[in-house]
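Okay, structure first, notes after.
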Amino acid sequence: MRLERGAHVWFNSPKVSWTQGTVTEVSGDEKKVVYACRGQDDDELFQGLLERDVHQFRPESLTEDVNDLLHLTELHESSLFNCVKKRYMNDIVYTNIGSIVVALNPFNFKIPHYQDDKMAEYMKEGEIIEKNLPHSWAVAHNAYHAMLNNQQNQCVIITGESGAGKTEATKIVQKYLCEVSCVKGDEKQKEQAKLVGFRIQQASPILEAFGNAKTVRNDNSSRFGKFMKVQFAKSGMLVGSSTVRYLLEKSRIITAGPEERVYHAFYQLTAGSEASRFNLLAQKEHVSLGKGGVYKIKGVDDAECFKETAQAMLDVGIEPLEQDAVWRLLAGILFLQNVAFKGEEKCIVSTDGKSTSSLAAAAQQLAVPLEGLEKELITTTQKVRGEDVVKNLGEVAAAAGRDALTKALYEGLFGWLVDKVNEKTAGDDACTQWIGLLDIFGFENFAVNSFEQLCINLTNETLQNHYNAFIFEKDVEECRAERIDVTKVSFDDNTACVDVISGKGGILALLDDQCALGKGTDAGFLNDVNEAHAKHPHFAKQRVRGSSFAIRHYAGTVEYATDGFLEKNKDTLKLSMRVFIRAEGSDFIRLLIAEPPSTRGRAPTVSSFFKNQLKDLMCVLNSSNPHWIRCIKPHPAKQPKMFDGVSVMTQMRSAGILETVRIRSQGFPVRIPVEKFGQKFSLIIGEAGVGGNALGNAQRILKEAAISSEQAQVGLTKVFLRHEGYTRLLAEYERYCSVLVLRIQCLARGHSGRLIAARMWFKRFEEVLELQRKLRKQQTELLAQEAKIREEQTQAVQAEWERIIASERALRREVELVRLNRMATRIQRRVRGFLDRGIVLLLKAEIARAEEEYLAQECLAEARKAMRAWIEERRKWEKGEKERARAAAWKEQQKSSEERRLNEKARLAERERLKAQQREAEKEREKEEVRKHRIAADRRAREESRQNKEQALQKSPAVGSGCRQKGKGETGFLSQLDPISLHFKVQAGPWRPFAGTKRLQQQLWGLWHRGKRCVSGWRSRLRSNCSQIHLARSPRSRSTAACHAGAKPSSPVKGKLIRLTTGTLRIGVPQSIDSQWNALTILERLLPSLSAAIITFLELRTHLQTQLCVDPKFARRRERF
């Protein structure tokens, strides 16, 4: 169904998966429709969305919360995704979808309704869990009771990617089965069942230590698959278990990727208490332990884990001597990986101390002769004409042989542990039925996929084929029970994809053929595969990367790199090494290394062994009733309450959950109970549905909506619809609803209007009359108040206007006073600057006169004092004092007067000497000024000579043209000026032109007038005006600009020219003294106020002052100031 622009939809965003949005653009034809949608949450636009990525939004999809996703009204990826996400954020991590339990890893073991104390509530229910929430306990409960009631073996298939929680889910199911089997029976049977259950649970730490490792995705990733049969007696009592392993990752024994580790057991041994007993080195000294660069796991104590593993071995029944042999073998493998070789053709063990000592330690731990082990590592034995010929190996081949021996020993050890656990937990003859737990690796698609990923994905493809058939049969059975015609319903079978890998002539068969050849290569294998399956619909030949091929799986296309396929498929442990180990090794090691094949023919390969295992597994599954637990990792960060929609949907597609939706969509995905269907859509048939039965009404609804039997069918209890039919039915329902709503609204509004009018008329009539009386009275009062307010407002506005006018006048006066004050201040600064020297001289003269007056007053005071003393003495003499006293006093007075006279004479002589020194200093300054004037005159003469030469080269256009031609010198007006034109620098940098000629004229005219007003305060007057002012760019510029001030000259003097170039101002001044003096005055007033640039004019002022000082009229001019 083609959606219209503006429709509210679910669309598959590449960032968050299914989200709400709006269609903004629709393009394409009927065969291929392309949409552009804008997200509702982030308002981001997504383009290029196909029809399968966009789905019509249903409001009920936001509120539906069901324990079984098949009970959703419309089963679609969008509704499924929204329901699972909402439940996960509410800490409900288990959801059913038919026979499947979708388990999202919560990364939180403290959710209340999932604690072990809630297990009893599940056990109290009957044979089928209906009241409690979905859980792995519910799967175990249903499988256990189905086994007892139907006398049929059950199987629980647990899949998921690394870190999704498969191992924990397996433990949960094991624990529940152990508990539920002990509910009935006598005490002895319960104790026996608990002991068996305890051993089964204690086997998990052993297999995890030797079969799990840290990967980038999971800190405890299972690197093997296992199928455990939990065995029960006829009464339902637990009696034993049996485990089968699948495809152990042998490369993990010797190496690991970045940020990963090899198997846990190696780290537990080196960190445990037994490390010193086996002479183990530090973890960083063992080469294989540091291949991934990680030695520790956050929150995990390897030493404590070693104790738990050792205790689990004892609990299961592995004796201490057997444990010692296990740990000793691990130590031997660690030392064996430290052995290095050198030599390209004939290699030897590296002579560094670490390799030789590690080889000796490995031989000791493996209990084999050192010389024999060294020989088998660096040589090989071949039969030539019936005789054994020893050939030396290169270092690469020797290292490959060492790794092959390590892998064979560890794989044999892991198989021995599994067999030992089976031996200790095996059931007796009373075992009649079992429940299988398949903990298998999920679908894998990495950046580089190899042989292991091909085998893993083959397993998932085969299991998906089994699941599709089972789900389709269940779906068909439900339809047939409802008497629905399903003859035209089919589903896509993936048998072809399974056959292209494992069938006759398939990829694995071609791989075995290449391994059987003596000189088979990976390139030859790839060539055979491309030739055999080039046209297969599930096969894709890679053109970009020549050493790979691709397979279109149900979960997506996976590219496989063929490098190393043959080596991984072969049993690379050479025959002589196998014979040597079995002959020289201990009894324990002989159990680990299988005997060499005694018959001729093809050697067994990993793929052939795996195919046989897979075939046996499928036979077991087909003979049992399956249950599924699909484990999902909600976010790569492995933190609670974090949900990555894209990752979750990818895992659901890989786990086959979305395949259920696809199978349903090929049939009738929308299934609604007949009663609910009639209640919701009865509006379509109206009164015809009243009193009829539900089935008949459903038929009439579909007929009225014009929906054919291919789009919808009515069963016994449900109505089955396809997406197209359901969408059309909803559209008809909405159309009918809109018509009825409009009709109801019209009737209701008309009726309510009439009722309201009838009830309120008389009451409102009286109220209106009373209201009119009140309004008239209030209107009169309001008019009076309004008139009074209007008068007051008029007065206030008038007063405010007068105040504003007065304030504006005061402000203008203040502005004028400020302007006048500034102008007066400028004039005062200029006047005071010129009068400073005269004031200083007057002050000095005044100081001198004051000094003279002070001396005169001092002498007068002394004279007066002496006179008063003389009068006093005279009085004493007159009174008859002795004559000798008077004579002595008189002599003393005469002596004092002589001293004062001499002091005054010396003071006057010192003053005359200082004045003579001042006159000498004045003469020296005058001489220095004369010398400076002469130097300036010489400089001016040289400048005049240079200007005369320049003027001789210039043409002489009309006077006052004010224009300089490009590249042809200055104008005739400039040639008429004095040869005393000066240059000085502009501090503001390169000149930039003014906004326009008119504005420049206004600025220069205003500057001239302000200068004239400033100078008019002086006693002298300007005898000439600025007749022309010429402003131009640098001679380098192509264009010129000129501006004429427009003032008419008041004298025949030609005037002054000011020329501004880039960095230079050139001024021409006539020779007359008055004009030079006026030029100096104008420059001192005009240049500081020039707004275009800050100009330094000291050189020009100094030159003009120097020239004026030479002239004899300068003295008279100075006296005026």
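Ordered as shown in the structure tokens, chains take letters A, B, and onward, while each chain numbers its residues from 1 and ligands are numbered from 1 in the order shown.
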Q: Can you check which residues of range 302-379 of chain A DSSP gives as helix (DSSP H, G or I) on the backbone and send them as number ranges by chain?
A: A: 302-316, 320-337, 353-366, 370-378
**Q.** Glu371 in chain A environment, 12 Å, only C-alpha atoms, sequence neighbours closer than 6 positions dropped, as a ChimeraX atom specification
**A.** /A:349,356,359-360,362-364,377-379,580,584
Can you build me a table of range 187-285 of chain A residues sitting at most 8 Å from range 396-419 of chain A, with the closest atom pair per residue and its distance in Å to one decimal, using only C-alpha atoms, sorted by chain and residue number, as a tab-separated table?
residue	atom	partner	partner_atom	distance
A:Leu207	CA	A:Val418	CA	7.6
A:Phe210	CA	A:Phe414	CA	6.8
A:Gly211	CA	A:Phe414	CA	7.7
A:Thr243	CA	A:Val418	CA	6.9
A:Val244	CA	A:Val418	CA	7.7
A:Arg245	CA	A:Val418	CA	7.7
A:Leu248	CA	A:Glu411	CA	7.5
A:Lys250	CA	A:Lys407	CA	5.9
A:Ser251	CA	A:Lys407	CA	7.6
A:Ile253	CA	A:Lys407	CA	6.5
A:Ile254	CA	A:Asp403	CA	7.1
Q) At what distance in Å, to one decimal, does CA of Ile440 in chain A lie from CA of Gly427 in chain A? A) 23.5 Å
Q | range 469-696 of chain A: residues DSSP assigns to strand (DSSP E or B), reported as an NGL selection string | A | :A and (539-541 or 548-553 or 556-561 or 625-632 or 670-673)
Mind checking which residues fall within 8 Å of range 166-175 of chain A, counting only C-alpha atoms, ignoring those fewer than 2 positions away in the same chain, and posting them as a PDB file with N, CA and C atoms, in the first residue's frame?
ATOM      1  N   SER A 136      13.009 -18.339  31.714  1.00  0.00           N
ATOM      2  CA  SER A 136      13.658 -19.616  31.394  1.00  0.00           C
ATOM      3  C   SER A 136      13.126 -20.721  32.300  1.00  0.00           C
ATOM      4  N   TRP A 137      12.690 -20.349  33.527  1.00  0.00           N
ATOM      5  CA  TRP A 137      12.060 -21.338  34.403  1.00  0.00           C
ATOM      6  C   TRP A 137      10.783 -21.893  33.765  1.00  0.00           C
ATOM      7  N   VAL A 139      10.152 -22.200  30.580  1.00  0.00           N
ATOM      8  CA  VAL A 139      10.528 -23.139  29.510  1.00  0.00           C
ATOM      9  C   VAL A 139      10.871 -24.493  30.113  1.00  0.00           C
ATOM     10  N   ALA A 140      11.693 -24.491  31.167  1.00  0.00           N
ATOM     11  CA  ALA A 140      12.061 -25.747  31.821  1.00  0.00           C
ATOM     12  C   ALA A 140      10.831 -26.430  32.418  1.00  0.00           C
ATOM     13  N   ILE A 158      19.176 -23.292  23.079  1.00  0.00           N
ATOM     14  CA  ILE A 158      19.589 -21.969  23.599  1.00  0.00           C
ATOM     15  C   ILE A 158      20.658 -21.417  22.669  1.00  0.00           C
ATOM     16  N   THR A 159      20.368 -20.296  22.011  1.00  0.00           N
ATOM     17  CA  THR A 159      21.307 -19.685  21.077  1.00  0.00           C
ATOM     18  C   THR A 159      21.421 -18.195  21.374  1.00  0.00           C
ATOM     19  N   GLY A 160      22.399 -17.594  20.757  1.00  0.00           N
ATOM     20  CA  GLY A 160      22.645 -16.158  20.941  1.00  0.00           C
ATOM     21  C   GLY A 160      24.096 -15.846  20.695  1.00  0.00           C
ATOM     22  N   GLY A 163      28.117 -13.072  24.780  1.00  0.00           N
ATOM     23  CA  GLY A 163      27.732 -12.050  25.746  1.00  0.00           C
ATOM     24  C   GLY A 163      26.242 -11.892  25.918  1.00  0.00           C
ATOM     25  N   ALA A 164      25.448 -12.676  25.202  1.00  0.00           N
ATOM     26  CA  ALA A 164      23.995 -12.548  25.309  1.00  0.00           C
ATOM     27  C   ALA A 164      23.430 -13.274  26.515  1.00  0.00           C
ATOM     28  N   LEU A 177      15.398 -27.639  36.567  1.00  0.00           N
ATOM     29  CA  LEU A 177      15.091 -29.058  36.368  1.00  0.00           C
ATOM     30  C   LEU A 177      15.504 -29.879  37.585  1.00  0.00           C
ATOM     31  N   CYS A 178      16.637 -29.520  38.174  1.00  0.00           N
ATOM     32  CA  CYS A 178      17.070 -30.235  39.388  1.00  0.00           C
ATOM     33  C   CYS A 178      16.086 -30.026  40.537  1.00  0.00           C
ATOM     34  N   GLU A 179      15.561 -28.786  40.645  1.00  0.00           N
ATOM     35  CA  GLU A 179      14.644 -28.487  41.738  1.00  0.00           C
ATOM     36  C   GLU A 179      13.260 -29.105  41.515  1.00  0.00           C
ATOM     37  N   GLY A 197      21.998 -33.647  40.709  1.00  0.00           N
ATOM     38  CA  GLY A 197      21.865 -32.266  40.277  1.00  0.00           C
ATOM     39  C   GLY A 197      23.046 -31.411  40.695  1.00  0.00           C
ATOM     40  N   ILE A 200      25.866 -32.188  38.313  1.00  0.00           N
ATOM     41  CA  ILE A 200      25.619 -31.576  36.997  1.00  0.00           C
ATOM     42  C   ILE A 200      25.942 -30.083  37.043  1.00  0.00           C
ATOM     43  N   GLN A 201      25.543 -29.430  38.133  1.00  0.00           N
ATOM     44  CA  GLN A 201      25.815 -27.996  38.242  1.00  0.00           C
ATOM     45  C   GLN A 201      27.297 -27.722  38.463  1.00  0.00           C
ATOM     46  N   SER A 204      29.680 -27.318  35.368  1.00  0.00           N
ATOM     47  CA  SER A 204      29.749 -26.059  34.610  1.00  0.00           C
ATOM     48  C   SER A 204      31.040 -25.290  34.852  1.00  0.00           C
ATOM     49  N   SER A 222      31.779 -18.768  25.652  1.00  0.00           N
ATOM     50  CA  SER A 222      31.942 -20.198  25.377  1.00  0.00           C
ATOM     51  C   SER A 222      32.498 -20.365  23.972  1.00  0.00           C
ATOM     52  N   LEU A 437      19.537 -30.046  26.440  1.00  0.00           N
ATOM     53  CA  LEU A 437      19.882 -28.610  26.515  1.00  0.00           C
ATOM     54  C   LEU A 437      20.978 -28.350  25.494  1.00  0.00           C
ATOM     55  N   ASP A 439      23.309 -25.785  24.046  1.00  0.00           N
ATOM     56  CA  ASP A 439      23.964 -24.473  24.205  1.00  0.00           C
ATOM     57  C   ASP A 439      24.921 -24.319  23.035  1.00  0.00           C
ATOM     58  N   CYS A 631      18.754 -15.755  23.262  1.00  0.00           N
ATOM     59  CA  CYS A 631      19.408 -14.775  24.143  1.00  0.00           C
ATOM     60  C   CYS A 631      19.869 -13.582  23.310  1.00  0.00           C
TER      61      CYS A 631
END
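Computed from the coordinates, the CA of His145 in chain A to CA of Leu238 in chain A distance equals 13.3 Å.
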Q. If you count only C-alpha atoms, which residues fall within 12 Å of Ala203 in chain A, apart from same-chain ones fewer than 3 positions away, as number ranges by chain?
A. A: 171, 174, 196-200, 206-211, 228, 241-243, 308-318, 417-425
Q: Mind checking which residues fall within 6 Å of range 284-301 of chain A, counting only C-alpha atoms, ignoring those fewer than 5 positions away in the same chain, and posting them as a VMD selection string?
A: chain A and resid 254 to 261 338
Q. For the atom pair CA of Gly645 in chain A and CA of Ser17 in chain A, what is the interatomic distance in Å to one decimal place?
A. 5.2 Å
Q: Go through A:Leu62, A:Trp890, A:Gln918, A:Gly343 and flag the residue nearest Ile871 in chain A, using only C-alpha atoms for the distances.
A: A:Trp890
Q.
Applying 10 Å and only C-alpha atoms, which residues near Gly98 in chain A remain after dropping the ones on its own chain fewer than 5 positions away? List them as a PyMOL selection string.
A. chain A and resi 67-71+471+474-475+627-628+660
Write the residues of the preceding selection, restricted to N, CA, C and O atoms, as a PDB file, in the first residue's frame.
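Heads up, here's the output in result37.pdb:
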ATOM      1  N   ASN A  67       2.584 -10.704  26.953  1.00  0.00           N
ATOM      2  CA  ASN A  67       3.637 -11.666  27.289  1.00  0.00           C
ATOM      3  C   ASN A  67       4.033 -12.519  26.094  1.00  0.00           C
ATOM      4  O   ASN A  67       5.143 -13.051  26.051  1.00  0.00           O
ATOM      5  N   ASP A  68       3.117 -12.647  25.124  1.00  0.00           N
ATOM      6  CA  ASP A  68       3.391 -13.403  23.899  1.00  0.00           C
ATOM      7  C   ASP A  68       3.224 -12.451  22.720  1.00  0.00           C
ATOM      8  O   ASP A  68       2.141 -11.886  22.499  1.00  0.00           O
ATOM      9  N   LEU A  69       4.287 -12.246  21.966  1.00  0.00           N
ATOM     10  CA  LEU A  69       4.253 -11.301  20.861  1.00  0.00           C
ATOM     11  C   LEU A  69       3.288 -11.726  19.764  1.00  0.00           C
ATOM     12  O   LEU A  69       2.858 -10.892  18.961  1.00  0.00           O
ATOM     13  N   LEU A  70       2.954 -13.020  19.699  1.00  0.00           N
ATOM     14  CA  LEU A  70       1.985 -13.463  18.708  1.00  0.00           C
ATOM     15  C   LEU A  70       0.581 -12.958  19.024  1.00  0.00           C
ATOM     16  O   LEU A  70      -0.303 -13.019  18.167  1.00  0.00           O
ATOM     17  N   HIS A  71       0.362 -12.460  20.239  1.00  0.00           N
ATOM     18  CA  HIS A  71      -0.932 -11.921  20.614  1.00  0.00           C
ATOM     19  C   HIS A  71      -1.071 -10.444  20.265  1.00  0.00           C
ATOM     20  O   HIS A  71      -2.120  -9.846  20.558  1.00  0.00           O
ATOM     21  N   ILE A 471       7.677 -24.023  13.037  1.00  0.00           N
ATOM     22  CA  ILE A 471       6.786 -22.867  13.207  1.00  0.00           C
ATOM     23  C   ILE A 471       5.738 -22.850  12.111  1.00  0.00           C
ATOM     24  O   ILE A 471       4.548 -22.575  12.353  1.00  0.00           O
ATOM     25  N   LYS A 474       3.144 -25.368  12.874  1.00  0.00           N
ATOM     26  CA  LYS A 474       2.275 -24.898  13.950  1.00  0.00           C
ATOM     27  C   LYS A 474       1.265 -23.883  13.421  1.00  0.00           C
ATOM     28  O   LYS A 474       0.077 -23.908  13.780  1.00  0.00           O
ATOM     29  N   ASP A 475       1.769 -22.978  12.566  1.00  0.00           N
ATOM     30  CA  ASP A 475       0.896 -21.942  12.029  1.00  0.00           C
ATOM     31  C   ASP A 475      -0.172 -22.553  11.130  1.00  0.00           C
ATOM     32  O   ASP A 475      -1.354 -22.169  11.182  1.00  0.00           O
ATOM     33  N   HIS A 627      11.872 -26.663  22.240  1.00  0.00           N
ATOM     34  CA  HIS A 627      11.589 -25.372  22.885  1.00  0.00           C
ATOM     35  C   HIS A 627      12.802 -24.482  22.603  1.00  0.00           C
ATOM     36  O   HIS A 627      13.927 -24.972  22.511  1.00  0.00           O
ATOM     37  N   TRP A 628      12.566 -23.178  22.509  1.00  0.00           N
ATOM     38  CA  TRP A 628      13.664 -22.282  22.145  1.00  0.00           C
ATOM     39  C   TRP A 628      13.816 -21.155  23.164  1.00  0.00           C
ATOM     40  O   TRP A 628      12.806 -20.611  23.657  1.00  0.00           O
ATOM     41  N   THR A 660       9.967 -15.613  12.235  1.00  0.00           N
ATOM     42  CA  THR A 660       8.592 -15.923  12.638  1.00  0.00           C
ATOM     43  C   THR A 660       7.624 -14.882  12.088  1.00  0.00           C
ATOM     44  O   THR A 660       6.541 -15.213  11.590  1.00  0.00           O
TER      45      THR A 660
END
Q: Considering only C-alpha atoms, return as a PyMOL selection string whatever protein or nucleic-acid residues lie within 10 Å of Cys455 in chain A, sequence-local ones (same chain, fewer than 5 positions apart) excluded.
A: chain A and resi 247+450+460-461+501-502+508+606-607+610-611+614
